[in-house]
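Have a look at the structure below, then the notes.
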Amino acid sequence: MKTQVIASGLALTPELRELAERHLAYSLSRFSTDLEEVWLFLRRENDARRGTTYRCRIVTTVKGSTEVSVERLGSTPESAIKRSCRGGERSIALATSRSKTWRGSTRHAL
């Protein structure tokens with residue numbers, strides 16, 4: 001499983017990169033044989049109504065060319081990363097169970 005962390009609008013410190021990689025590894029480790037690539041995009045946004053927020057988007061490629069994407073907001077970069085990793089774990093579990101069911105199903109000829 002190849003992992004990349006990309007930041008926009010904020011400095012990607014070694015500590016923040018390590019935190020993101022650690023959360024990805026922890027939440028997606030059970031899918032390591034099913035995933036080809038994982039990208040984590042972290043972006044700082046300024047909104048007049050909400051103030052400064054951080055948007056974290058995780059995009060994964062599941063073997064069989066299925067792409068799963070999850071996006072969450074947080075008040076800090078750490079909270080956005082944690083929320084998106086939790087959401088990514090649920091979405092990938094659903095996608096991999098669907099693909100395994102589809103691959104294992106039999107098609108009946110009419």
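We name chains A, B, ... following the order of the structure tokens; residues begin at 1 in each chain, and ligands are numbered from 1 as shown.
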Residue contacts of stretch 27-30 of chain A (12 Å, only C-alpha atoms) excluding same-chain residues fewer than 3 positions away, as an NGL selection string: :A and (1-3 or 20-24 or 33-38 or 58 or 60 or 62 or 81-93 or 96)
Expected answer as a list of chain:residue names: helix (DSSP H, G or I) residues in stretch 23-66 of chain A: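 Matching residues, listed in order: A:His23, A:Leu24, A:Ala25, A:Tyr26, A:Ser27, A:Leu28, A:Ser29, A:Arg30, A:Phe31.
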Write out as a ChimeraX atom specification the set of residues from chain A that DSSP, computed on the backbone, places in strand (DSSP E or B). /A:2-8,35-47,51-62,66-74
Given only C-alpha atoms as the counted atoms, nearest of A:Ser97, A:Leu73, A:Leu40, A:Thr52 to A:Leu16: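 For A:Leu16, the nearest of the given residues is A:Leu40.
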Just checking: using only C-alpha atoms, which residue out of A:Thr76, A:Ile6, A:Leu19, A:Ala95 ends up closest to A:Leu42?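 So, comparing all the options, the nearest one is A:Ile6.
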Rounded to one decimal in Å, what is the spacing between atom CA of A:Arg50 and atom CA of A:Ser69?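 Atom CA of A:Arg50 sits 23.8 Å away from atom CA of A:Ser69.
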With distances taken over only C-alpha atoms, which residue among A:Ala7, A:Leu94, A:Ala25, A:Val68 lies nearest A:Tyr54? A:Ala7
